[in-house]
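See below for final10.cif, which holds mmCIF, C-alpha atoms and all ligand atoms.
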```cif
data_upload
#
loop_
_atom_site.label_atom_id
_atom_site.label_comp_id
_atom_site.auth_asym_id
_atom_site.auth_seq_id
_atom_site.Cartn_x
_atom_site.Cartn_y
_atom_site.Cartn_z
CA MET A 1 8.93 8.07 5.35
CA THR A 2 5.35 8.68 6.41
CA LYS A 3 2.83 6.58 4.52
CA HIS A 4 -0.40 8.36 3.59
CA VAL A 5 -3.49 6.23 4.13
CA LEU A 6 -6.96 7.09 2.79
CA VAL A 7 -10.01 5.35 4.25
CA THR A 8 -13.28 6.35 2.58
CA GLY A 9 -16.47 6.36 4.63
CA ALA A 10 -14.50 6.42 7.87
CA SER A 11 -16.71 8.58 10.07
CA ARG A 12 -18.35 5.53 11.66
CA GLY A 13 -18.87 1.78 11.42
CA ILE A 14 -16.37 -0.42 9.63
CA GLY A 15 -14.44 2.52 8.11
CA ALA A 16 -13.86 4.17 11.50
CA ALA A 17 -12.53 0.87 12.90
CA ILE A 18 -10.22 0.49 9.89
CA ALA A 19 -8.90 4.05 10.31
CA ARG A 20 -8.17 3.46 14.01
CA THR A 21 -6.58 0.06 13.37
CA LEU A 22 -4.32 1.24 10.53
CA ALA A 23 -3.05 4.18 12.60
CA ALA A 24 0.65 3.92 13.43
CA ALA A 25 3.68 6.10 14.05
CA ASP A 26 4.80 6.03 10.41
CA ARG A 27 1.34 6.61 8.91
CA HIS A 28 -0.89 9.64 8.36
CA ILE A 29 -4.53 8.51 8.30
CA TRP A 30 -6.95 10.53 6.15
CA ILE A 31 -10.56 10.04 7.25
CA ASN A 32 -12.97 10.59 4.40
CA TYR A 33 -16.66 11.19 5.00
CA ARG A 34 -19.59 12.76 3.15
CA SER A 35 -21.64 14.61 5.79
CA SER A 36 -20.81 13.38 9.33
CA THR A 37 -18.22 16.05 10.22
CA VAL A 38 -18.44 15.72 14.00
CA GLU A 39 -18.09 11.93 13.91
CA ALA A 40 -15.16 12.08 11.44
CA GLU A 41 -13.35 14.62 13.62
CA ALA A 42 -13.88 12.39 16.66
CA VAL A 43 -12.21 9.48 14.82
CA ALA A 44 -9.26 11.75 13.89
CA GLU A 45 -8.96 13.00 17.50
CA SER A 46 -8.96 9.45 18.87
CA ILE A 47 -5.92 8.70 16.68
CA GLN A 48 -4.19 12.01 17.48
CA LYS A 49 -4.60 11.29 21.22
CA ARG A 50 -2.47 8.19 20.70
CA GLY A 51 0.24 10.50 19.32
CA TRP A 52 -0.24 9.67 15.64
CA GLU A 53 -1.20 11.71 12.59
CA ALA A 54 -4.80 11.83 11.34
CA SER A 55 -6.88 14.36 9.39
CA THR A 56 -10.39 14.50 8.00
CA MET A 57 -11.08 14.83 4.29
CA GLN A 58 -14.63 15.66 3.20
CA PHE A 59 -15.83 14.62 -0.23
CA ASP A 60 -18.62 12.56 -1.76
CA VAL A 61 -17.09 9.48 -3.42
CA SER A 62 -19.96 9.41 -5.94
CA ASP A 63 -19.07 12.91 -7.19
CA ARG A 64 -16.39 12.35 -9.83
CA GLU A 65 -15.45 16.03 -10.23
CA ALA A 66 -15.15 16.61 -6.49
CA CYS A 67 -12.95 13.50 -6.12
CA ALA A 68 -10.70 14.55 -8.99
CA ALA A 69 -10.31 18.10 -7.64
CA ILE A 70 -9.51 17.20 -4.04
CA LEU A 71 -7.34 14.17 -4.83
CA THR A 72 -5.32 15.99 -7.52
CA ASP A 73 -4.69 18.76 -5.02
CA PHE A 74 -3.60 16.16 -2.45
CA ILE A 75 -1.20 14.53 -4.93
CA GLU A 76 0.42 17.91 -5.66
CA LYS A 77 0.94 18.55 -1.94
CA TYR A 78 1.87 15.09 -0.66
CA GLY A 79 2.74 12.96 -3.71
CA GLY A 80 -0.20 10.57 -3.38
CA PHE A 81 -1.46 7.81 -1.12
CA ASP A 82 0.37 4.60 -0.24
CA ILE A 83 -2.69 2.77 1.07
CA VAL A 84 -6.28 3.28 -0.11
CA VAL A 85 -9.26 1.55 1.50
CA ASN A 86 -12.42 2.00 -0.58
CA ASN A 87 -14.97 1.44 2.14
CA ALA A 88 -17.74 4.03 1.60
CA GLY A 89 -21.00 2.36 0.69
CA ILE A 90 -24.74 2.74 1.09
CA THR A 91 -27.82 0.58 0.74
CA ALA A 92 -31.21 1.56 -0.69
CA ASP A 93 -33.14 -1.71 -0.67
CA ALA A 94 -36.29 -2.40 -2.67
CA PRO A 95 -37.84 -5.38 -4.44
CA PHE A 96 -36.72 -5.11 -8.06
CA PRO A 97 -40.13 -4.30 -9.66
CA GLY A 98 -40.55 -1.39 -7.24
CA MET A 99 -37.01 -0.09 -7.37
CA GLU A 100 -36.75 3.66 -8.10
CA ASP A 101 -34.10 4.93 -10.52
CA GLU A 102 -32.62 6.95 -7.66
CA GLN A 103 -32.19 3.80 -5.54
CA TRP A 104 -30.39 1.99 -8.36
CA ASP A 105 -28.22 4.96 -9.36
CA SER A 106 -27.19 6.12 -5.89
CA VAL A 107 -26.03 2.66 -4.79
CA ILE A 108 -24.11 1.97 -8.02
CA GLN A 109 -22.58 5.45 -8.05
CA THR A 110 -21.42 5.21 -4.43
CA SER A 111 -20.03 1.67 -4.19
CA LEU A 112 -18.86 1.02 -7.75
CA GLY A 113 -18.54 4.61 -9.02
CA GLY A 114 -16.80 5.55 -5.77
CA PHE A 115 -14.15 2.90 -6.35
CA TYR A 116 -13.43 4.35 -9.82
CA ASN A 117 -13.66 8.02 -8.81
CA VAL A 118 -11.21 7.57 -5.94
CA CYS A 119 -8.77 5.03 -7.42
CA ARG A 120 -8.47 6.45 -10.92
CA PRO A 121 -6.58 9.64 -9.89
CA LEU A 122 -4.55 7.82 -7.22
CA VAL A 123 -3.20 4.82 -9.12
CA MET A 124 -0.57 6.54 -11.30
CA PRO A 125 1.24 8.20 -8.37
CA MET A 126 1.13 4.83 -6.58
CA ILE A 127 2.69 3.12 -9.61
CA ARG A 128 5.52 5.68 -9.51
CA LYS A 129 6.19 4.78 -5.85
CA ARG A 130 6.31 1.07 -6.77
CA TRP A 131 4.57 0.13 -3.54
CA GLY A 132 0.93 0.27 -2.61
CA ARG A 133 -2.06 -1.41 -1.07
CA ILE A 134 -5.65 -1.06 -2.26
CA VAL A 135 -8.44 -2.76 -0.31
CA ASN A 136 -12.02 -2.62 -1.59
CA MET A 137 -15.03 -3.30 0.60
CA THR A 138 -17.47 -5.63 -1.09
CA SER A 139 -20.09 -7.88 0.55
CA ILE A 140 -21.22 -11.48 0.63
CA ALA A 141 -24.34 -10.10 -1.10
CA ALA A 142 -22.15 -9.87 -4.23
CA LEU A 143 -21.46 -13.60 -4.05
CA HIS A 144 -24.92 -14.89 -3.07
CA GLY A 145 -27.35 -12.17 -4.10
CA ASN A 146 -29.91 -10.96 -1.60
CA ARG A 147 -33.64 -10.28 -1.88
CA GLY A 148 -34.26 -6.55 -2.27
CA GLN A 149 -30.59 -5.81 -2.93
CA SER A 150 -30.16 -6.21 -6.71
CA ASN A 151 -28.62 -2.70 -6.81
CA TYR A 152 -26.26 -3.34 -3.88
CA ALA A 153 -25.27 -6.86 -5.02
CA ALA A 154 -24.60 -5.57 -8.56
CA ALA A 155 -22.43 -2.70 -7.29
CA LYS A 156 -20.47 -4.96 -4.95
CA ALA A 157 -20.04 -7.67 -7.62
CA GLY A 158 -18.68 -4.95 -9.90
CA VAL A 159 -16.16 -4.05 -7.22
CA ILE A 160 -14.96 -7.68 -7.18
CA GLY A 161 -14.45 -7.69 -10.97
CA ALA A 162 -12.62 -4.38 -10.81
CA THR A 163 -10.45 -5.64 -7.91
CA LYS A 164 -9.34 -8.73 -9.81
CA SER A 165 -8.61 -6.77 -13.00
CA LEU A 166 -6.70 -3.99 -11.24
CA ALA A 167 -4.74 -6.60 -9.26
CA ARG A 168 -3.50 -8.09 -12.53
CA GLU A 169 -2.64 -4.66 -13.96
CA LEU A 170 -0.65 -3.58 -10.90
CA ALA A 171 0.90 -6.87 -9.75
CA SER A 172 4.30 -6.14 -11.30
CA ARG A 173 4.42 -2.67 -9.68
CA GLY A 174 4.52 -3.77 -6.05
CA ILE A 175 0.86 -2.91 -5.55
CA CYS A 176 -1.58 -5.43 -4.07
CA VAL A 177 -5.31 -5.01 -4.72
CA ASN A 178 -7.75 -7.10 -2.70
CA ALA A 179 -11.36 -7.10 -1.58
CA VAL A 180 -12.96 -7.90 1.77
CA ALA A 181 -16.49 -9.32 1.83
CA PRO A 182 -18.17 -8.89 5.21
CA GLY A 183 -21.31 -10.80 6.15
CA PHE A 184 -23.52 -9.33 8.88
CA ILE A 185 -21.47 -6.79 10.84
CA ASP A 186 -22.89 -4.74 13.74
CA THR A 187 -23.15 -1.17 12.37
CA GLU A 188 -25.86 1.38 11.59
CA MET A 189 -26.28 -0.32 8.19
CA THR A 190 -27.49 -3.56 9.78
CA GLU A 191 -29.35 -2.30 12.86
CA GLN A 192 -32.76 -3.00 11.26
CA ILE A 193 -31.92 -6.69 10.62
CA SER A 194 -33.49 -9.06 13.16
CA ARG A 195 -31.05 -10.79 15.49
CA ASP A 196 -33.00 -14.03 14.99
CA LEU A 197 -32.33 -13.90 11.25
CA ILE A 198 -28.62 -13.34 11.93
CA ARG A 199 -28.46 -16.24 14.41
CA GLN A 200 -30.14 -18.53 11.86
CA SER A 201 -28.11 -17.40 8.82
CA VAL A 202 -24.61 -17.27 10.27
CA PRO A 203 -22.83 -20.54 11.15
CA MET A 204 -21.16 -18.76 14.08
CA GLY A 205 -24.60 -17.64 15.23
CA ARG A 206 -23.77 -13.97 15.66
CA ALA A 207 -23.02 -10.75 13.80
CA GLY A 208 -19.37 -9.79 13.37
CA THR A 209 -17.73 -6.76 14.94
CA VAL A 210 -16.19 -3.85 13.04
CA GLN A 211 -12.86 -4.80 14.59
CA GLU A 212 -13.05 -8.29 13.07
CA VAL A 213 -13.26 -6.68 9.62
CA ALA A 214 -10.55 -4.12 10.40
CA ASN A 215 -8.15 -6.89 11.46
CA VAL A 216 -8.30 -8.46 7.99
CA VAL A 217 -7.87 -5.10 6.27
CA GLU A 218 -4.86 -4.43 8.50
CA PHE A 219 -3.23 -7.67 7.33
CA LEU A 220 -3.91 -6.89 3.65
CA CYS A 221 -2.28 -3.46 4.08
CA SER A 222 0.81 -4.88 5.76
CA ASP A 223 4.17 -5.91 4.28
CA GLY A 224 3.21 -9.44 5.33
CA ALA A 225 0.57 -9.54 2.59
CA SER A 226 3.10 -8.83 -0.18
CA TYR A 227 2.19 -12.01 -2.17
CA VAL A 228 -1.59 -11.69 -1.79
CA THR A 229 -3.40 -9.91 -4.61
CA GLY A 230 -6.68 -10.25 -6.50
CA GLU A 231 -8.30 -12.05 -3.54
CA VAL A 232 -11.72 -11.68 -1.98
CA ILE A 233 -11.62 -12.54 1.72
CA ASN A 234 -14.94 -13.26 3.43
CA VAL A 235 -15.33 -12.00 6.98
CA SER A 236 -18.68 -13.60 7.53
CA GLY A 237 -18.69 -16.02 10.46
CA GLY A 238 -18.82 -19.02 8.16
CA ILE A 239 -21.21 -17.88 5.40
CA ILE A 240 -19.36 -19.03 2.31
P1 LIG A 301 -22.22 2.72 7.77
O1 LIG A 301 -22.16 2.46 9.23
O2 LIG A 301 -23.54 3.08 7.15
O3 LIG A 301 -21.14 3.86 7.42
C1 LIG A 301 -21.00 4.29 6.10
C2 LIG A 301 -19.86 5.26 6.00
O4 LIG A 301 -19.72 5.63 4.61
C3 LIG A 301 -20.08 6.55 6.76
O5 LIG A 301 -18.83 7.00 7.25
C4 LIG A 301 -20.60 7.51 5.69
O6 LIG A 301 -20.29 8.86 5.96
C5 LIG A 301 -19.80 7.04 4.49
N1 LIG A 301 -20.38 7.37 3.19
C6 LIG A 301 -21.59 6.97 2.70
N2 LIG A 301 -21.75 7.48 1.47
C7 LIG A 301 -20.64 8.20 1.19
C8 LIG A 301 -20.22 8.96 0.08
N3 LIG A 301 -20.99 9.09 -1.02
N4 LIG A 301 -19.01 9.58 0.12
C9 LIG A 301 -18.21 9.45 1.22
N5 LIG A 301 -18.57 8.75 2.30
C10 LIG A 301 -19.76 8.13 2.28
O7 LIG A 301 -21.69 1.48 6.92
P2 LIG A 301 -20.84 0.18 7.37
O8 LIG A 301 -21.79 -0.85 7.85
O9 LIG A 301 -19.71 0.59 8.25
O10 LIG A 301 -20.32 -0.30 5.96
C11 LIG A 301 -19.04 0.05 5.45
C12 LIG A 301 -18.81 -0.71 4.15
O11 LIG A 301 -18.92 -2.11 4.38
C13 LIG A 301 -19.84 -0.40 3.06
O12 LIG A 301 -19.21 -0.39 1.80
C14 LIG A 301 -20.81 -1.55 3.15
O13 LIG A 301 -21.49 -1.77 1.94
C15 LIG A 301 -19.86 -2.68 3.51
N6 LIG A 301 -20.53 -3.82 4.16
C16 LIG A 301 -21.13 -3.66 5.37
C17 LIG A 301 -21.74 -4.77 5.97
C18 LIG A 301 -22.40 -4.70 7.32
O14 LIG A 301 -22.94 -5.73 7.75
N7 LIG A 301 -22.37 -3.57 8.02
C19 LIG A 301 -21.74 -6.01 5.30
C20 LIG A 301 -21.13 -6.11 4.06
C21 LIG A 301 -20.52 -5.01 3.50
P3 LIG A 301 -21.41 10.01 6.11
O15 LIG A 301 -22.22 9.67 7.32
O16 LIG A 301 -20.65 11.26 6.25
O17 LIG A 301 -22.25 9.89 4.85
#
```

Mind turning this structure into C-alpha cells?
Amino acid sequence: MTKHVLVTGASRGIGAAIARTLAAADRHIWINYRSSTVEAEAVAESIQKRGWEASTMQFDVSDREACAAILTDFIEKYGGFDIVVNNAGITADAPFPGMEDEQWDSVIQTSLGGFYNVCRPLVMPMIRKRWGRIVNMTSIAALHGNRGQSNYAAAKAGVIGATKSLARELASRGICVNAVAPGFIDTEMTEQISRDLIRQSVPMGRAGTVQEVANVVEFLCSDGASYVTGEVINVSGGII
C-alpha cells in the first residue's frame, strides 16, 4: 500500500530536504508550498526522476478555510495521509516594544495556527488507519527564547505543547507525534545571521545542513521509531 506523505513548506530549505529524503518506492510525497510554484515543482520533479511518486499541493497553512477545503477533498480521494510533517514557518523579527500586530499575528498563525489547521482535519482518518507519524518543526528558540523573536519563540513553544498533548491522545492508536528543534541551519531563513555569531554560539562551530535535519525526521517517520512519541529532538550542533 502506498503511504501518502505531506510535507508543508517543502518548496525549499529544510522542507525540500525532508521531502526528498522521505521519498521511497512505497510513498507518494505531497509537497506543500504557499507561493513558490516553480521551486515546489522542481522538488517534485527531482523525486519523480528517481522513479518515485511526488506531487505539489498549494495552500497557505495559516488559512484555516483553505486547509479544510483542500485536505477534506484529499481525504475523500485518497483516504488521508499516513505521515504529516508540519514544517512551514516564517519569522518576522522585532524588539517587543516595536512589534507590529501583523508581525505577531502572521508568525503565530503560520507556525502554531498552521499546525492546527493542517493536523485537525487529518487526525481522524489517521486514527482510523491505526498507524501514523506526525513530526512538527519547532526551534531551539522555543526552549531558550531569542532577542527579537518573542512571536517566533511563542509560536514554536506552542507547537511543543501541542506535540506533547497530541502524542498522549494518539499513543494508543499507533500514531507517534514528535517535534524536531533545529538550531542554526543553512537556509534562506538564516542567511542574514553572521557566520561569526554562529561559530561562537554553536559548540560544533558551524551551522547545520538541511540534510542533517531531514535525517532525524526520516528516523521519526520510520517503523524504527515506533516507541518514540512526545519527544523534542534538538538538531543544533550541541546547543542544548
Ligand atoms: P525557509 O527556507 O524560509 O522555507 C520556508 C518554507 O515554508 C518555504 O517552502 C515556504 O514556501 C513555506 N511557507 C512559508 N509560509 C507558508 C505558509 N503560510 N503556507 C505554506 N507554506 C509556507 O525556511 P527553513 O529555514 O527551511 O525553515 C523550515 C522550518 O524550520 C520552519 O518552521 C522554521 O521555523 C524551522 N526552523 C528553521 C531554522 C533554520 O535555522 N533555518 C531553525 C529552527 C527552526 P513559499 O516560498 O511558497 O512561501

Coordinates-based distance that separates CA of Thr138 in chain A from CA of Pro203 in chain A (Å, one decimal)
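Computing it gives 20.0 Å between the two atoms.
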
Taking all atoms listed in the file into account, which of A:Ile233, A:Ala153, A:Met126, A:Ala88 comes nearest Trp104 in chain A?
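Under the stated criterion, the closest residue is A:Ala153.
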
Please list as a ChimeraX atom specification every residue within 9 Å of range 166-172 of chain A, counting only C-alpha atoms and excluding residues in the same chain fewer than 6 positions away.
/A:123,127,130,134,178,229-231

Counting only C-alpha atoms and all ligand atoms, give me one row per residue of chain A with an atom at most 8 Å from an atom of ligand LIG 301 (chain A), showing the shortest contact pair and its distance in Å to one decimal, sorted by chain then residue number, as JSON lines.
```
{"residue": "A:Thr8", "atom": "CA", "partner": "A:LIG301", "partner_atom": "N5", "distance": 5.8}
{"residue": "A:Gly9", "atom": "CA", "partner": "A:LIG301", "partner_atom": "O4", "distance": 3.3}
{"residue": "A:Ala10", "atom": "CA", "partner": "A:LIG301", "partner_atom": "O5", "distance": 4.4}
{"residue": "A:Ser11", "atom": "CA", "partner": "A:LIG301", "partner_atom": "O5", "distance": 3.9}
{"residue": "A:Arg12", "atom": "CA", "partner": "A:LIG301", "partner_atom": "O5", "distance": 4.7}
{"residue": "A:Gly13", "atom": "CA", "partner": "A:LIG301", "partner_atom": "O9", "distance": 3.5}
{"residue": "A:Ile14", "atom": "CA", "partner": "A:LIG301", "partner_atom": "O9", "distance": 3.8}
{"residue": "A:Gly15", "atom": "CA", "partner": "A:LIG301", "partner_atom": "O9", "distance": 5.6}
{"residue": "A:Ala16", "atom": "CA", "partner": "A:LIG301", "partner_atom": "O5", "distance": 7.1}
{"residue": "A:Asn32", "atom": "CA", "partner": "A:LIG301", "partner_atom": "C9", "distance": 6.2}
{"residue": "A:Tyr33", "atom": "CA", "partner": "A:LIG301", "partner_atom": "N5", "distance": 4.1}
{"residue": "A:Arg34", "atom": "CA", "partner": "A:LIG301", "partner_atom": "O16", "distance": 3.6}
{"residue": "A:Ser35", "atom": "CA", "partner": "A:LIG301", "partner_atom": "O16", "distance": 3.5}
{"residue": "A:Ser36", "atom": "CA", "partner": "A:LIG301", "partner_atom": "O16", "distance": 3.7}
{"residue": "A:Thr37", "atom": "CA", "partner": "A:LIG301", "partner_atom": "O16", "distance": 6.7}
{"residue": "A:Ala40", "atom": "CA", "partner": "A:LIG301", "partner_atom": "O5", "distance": 7.5}
{"residue": "A:Gln58", "atom": "CA", "partner": "A:LIG301", "partner_atom": "C9", "distance": 7.4}
{"residue": "A:Phe59", "atom": "CA", "partner": "A:LIG301", "partner_atom": "C9", "distance": 5.9}
{"residue": "A:Asp60", "atom": "CA", "partner": "A:LIG301", "partner_atom": "N4", "distance": 3.5}
{"residue": "A:Val61", "atom": "CA", "partner": "A:LIG301", "partner_atom": "N4", "distance": 4.0}
{"residue": "A:Ser62", "atom": "CA", "partner": "A:LIG301", "partner_atom": "N3", "distance": 5.0}
{"residue": "A:Asp63", "atom": "CA", "partner": "A:LIG301", "partner_atom": "N3", "distance": 7.5}
{"residue": "A:Asn86", "atom": "CA", "partner": "A:LIG301", "partner_atom": "O12", "distance": 7.6}
{"residue": "A:Asn87", "atom": "CA", "partner": "A:LIG301", "partner_atom": "O12", "distance": 4.6}
{"residue": "A:Ala88", "atom": "CA", "partner": "A:LIG301", "partner_atom": "O4", "distance": 3.9}
{"residue": "A:Gly89", "atom": "CA", "partner": "A:LIG301", "partner_atom": "O12", "distance": 3.5}
{"residue": "A:Ile90", "atom": "CA", "partner": "A:LIG301", "partner_atom": "C6", "distance": 5.5}
{"residue": "A:Thr91", "atom": "CA", "partner": "A:LIG301", "partner_atom": "O13", "distance": 6.9}
{"residue": "A:Thr110", "atom": "CA", "partner": "A:LIG301", "partner_atom": "N3", "distance": 5.2}
{"residue": "A:Ser111", "atom": "CA", "partner": "A:LIG301", "partner_atom": "O12", "distance": 6.4}
{"residue": "A:Gly114", "atom": "CA", "partner": "A:LIG301", "partner_atom": "N3", "distance": 7.3}
{"residue": "A:Met137", "atom": "CA", "partner": "A:LIG301", "partner_atom": "O12", "distance": 5.2}
{"residue": "A:Thr138", "atom": "CA", "partner": "A:LIG301", "partner_atom": "C21", "distance": 5.5}
{"residue": "A:Ser139", "atom": "CA", "partner": "A:LIG301", "partner_atom": "C20", "distance": 4.1}
{"residue": "A:Ile140", "atom": "CA", "partner": "A:LIG301", "partner_atom": "C20", "distance": 6.4}
{"residue": "A:Ala141", "atom": "CA", "partner": "A:LIG301", "partner_atom": "C20", "distance": 7.3}
{"residue": "A:Tyr152", "atom": "CA", "partner": "A:LIG301", "partner_atom": "O13", "distance": 7.7}
{"residue": "A:Lys156", "atom": "CA", "partner": "A:LIG301", "partner_atom": "O13", "distance": 7.7}
{"residue": "A:Ala181", "atom": "CA", "partner": "A:LIG301", "partner_atom": "C20", "distance": 6.1}
{"residue": "A:Pro182", "atom": "CA", "partner": "A:LIG301", "partner_atom": "C20", "distance": 4.2}
{"residue": "A:Gly183", "atom": "CA", "partner": "A:LIG301", "partner_atom": "C19", "distance": 4.9}
{"residue": "A:Phe184", "atom": "CA", "partner": "A:LIG301", "partner_atom": "O14", "distance": 3.8}
{"residue": "A:Ile185", "atom": "CA", "partner": "A:LIG301", "partner_atom": "O14", "distance": 3.6}
{"residue": "A:Asp186", "atom": "CA", "partner": "A:LIG301", "partner_atom": "N7", "distance": 5.9}
{"residue": "A:Thr187", "atom": "CA", "partner": "A:LIG301", "partner_atom": "O8", "distance": 4.7}
{"residue": "A:Glu188", "atom": "CA", "partner": "A:LIG301", "partner_atom": "O1", "distance": 4.5}
{"residue": "A:Met189", "atom": "CA", "partner": "A:LIG301", "partner_atom": "O2", "distance": 4.5}
{"residue": "A:Thr190", "atom": "CA", "partner": "A:LIG301", "partner_atom": "N7", "distance": 5.4}
{"residue": "A:Ala207", "atom": "CA", "partner": "A:LIG301", "partner_atom": "O14", "distance": 7.9}
{"residue": "A:Gly208", "atom": "CA", "partner": "A:LIG301", "partner_atom": "O14", "distance": 7.8}
{"residue": "A:Val210", "atom": "CA", "partner": "A:LIG301", "partner_atom": "O9", "distance": 7.4}
```

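The gap separating CA of Ile31 in chain A from CA of Gly113 in chain A is 18.9 Å, in Å to one decimal.
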
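Interatomic distance, CA of Ile239 in chain A to CA of Gln109 in chain A: 27.0 Å.
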
So which one's closest to Val84 in chain A, A:His4, A:Arg199, A:Arg128, A:His28? Using all atoms listed in the file, please.
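That would be A:His4, the residue with the smallest distance to Val84 in chain A.
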
Smallest atom-to-atom distance to Leu71 in chain A: which of A:Val228, A:Met57, A:Ala214, A:Ala23, using only C-alpha atoms?
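Using only C-alpha atoms, the shortest distance to Leu71 in chain A belongs to A:Met57.
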
When you count all atoms listed in the file, which of these residues is closest to Ala154 in chain A: A:Ala69, A:Val107, A:Met1, A:Met99?
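Smallest separation from Ala154 in chain A among the options: A:Val107.
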
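Ranking A:Ile193, A:Ala94, A:Val85, A:Ile175 by their shortest atom-to-atom distance to Cys119 in chain A, with only C-alpha atoms included, puts A:Val85 first.
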
Kindly indicate which residue among A:Met204, A:Val135, A:Ile75, A:Ile240 lies nearest to Val217 in chain A, using all atoms listed in the file for the distances.
A:Val135

Around all listed atoms of range 84-94 of chain A, padded 8 Å per side, what centre and edge lengths does the axis-aligned box have in Å to one decimal, as lines of an AutoDock Vina configuration file?
```
center_x = -21.3
center_y = 0.8
center_z = -0.3
size_x = 46.0
size_y = 22.4
size_z = 20.8
```
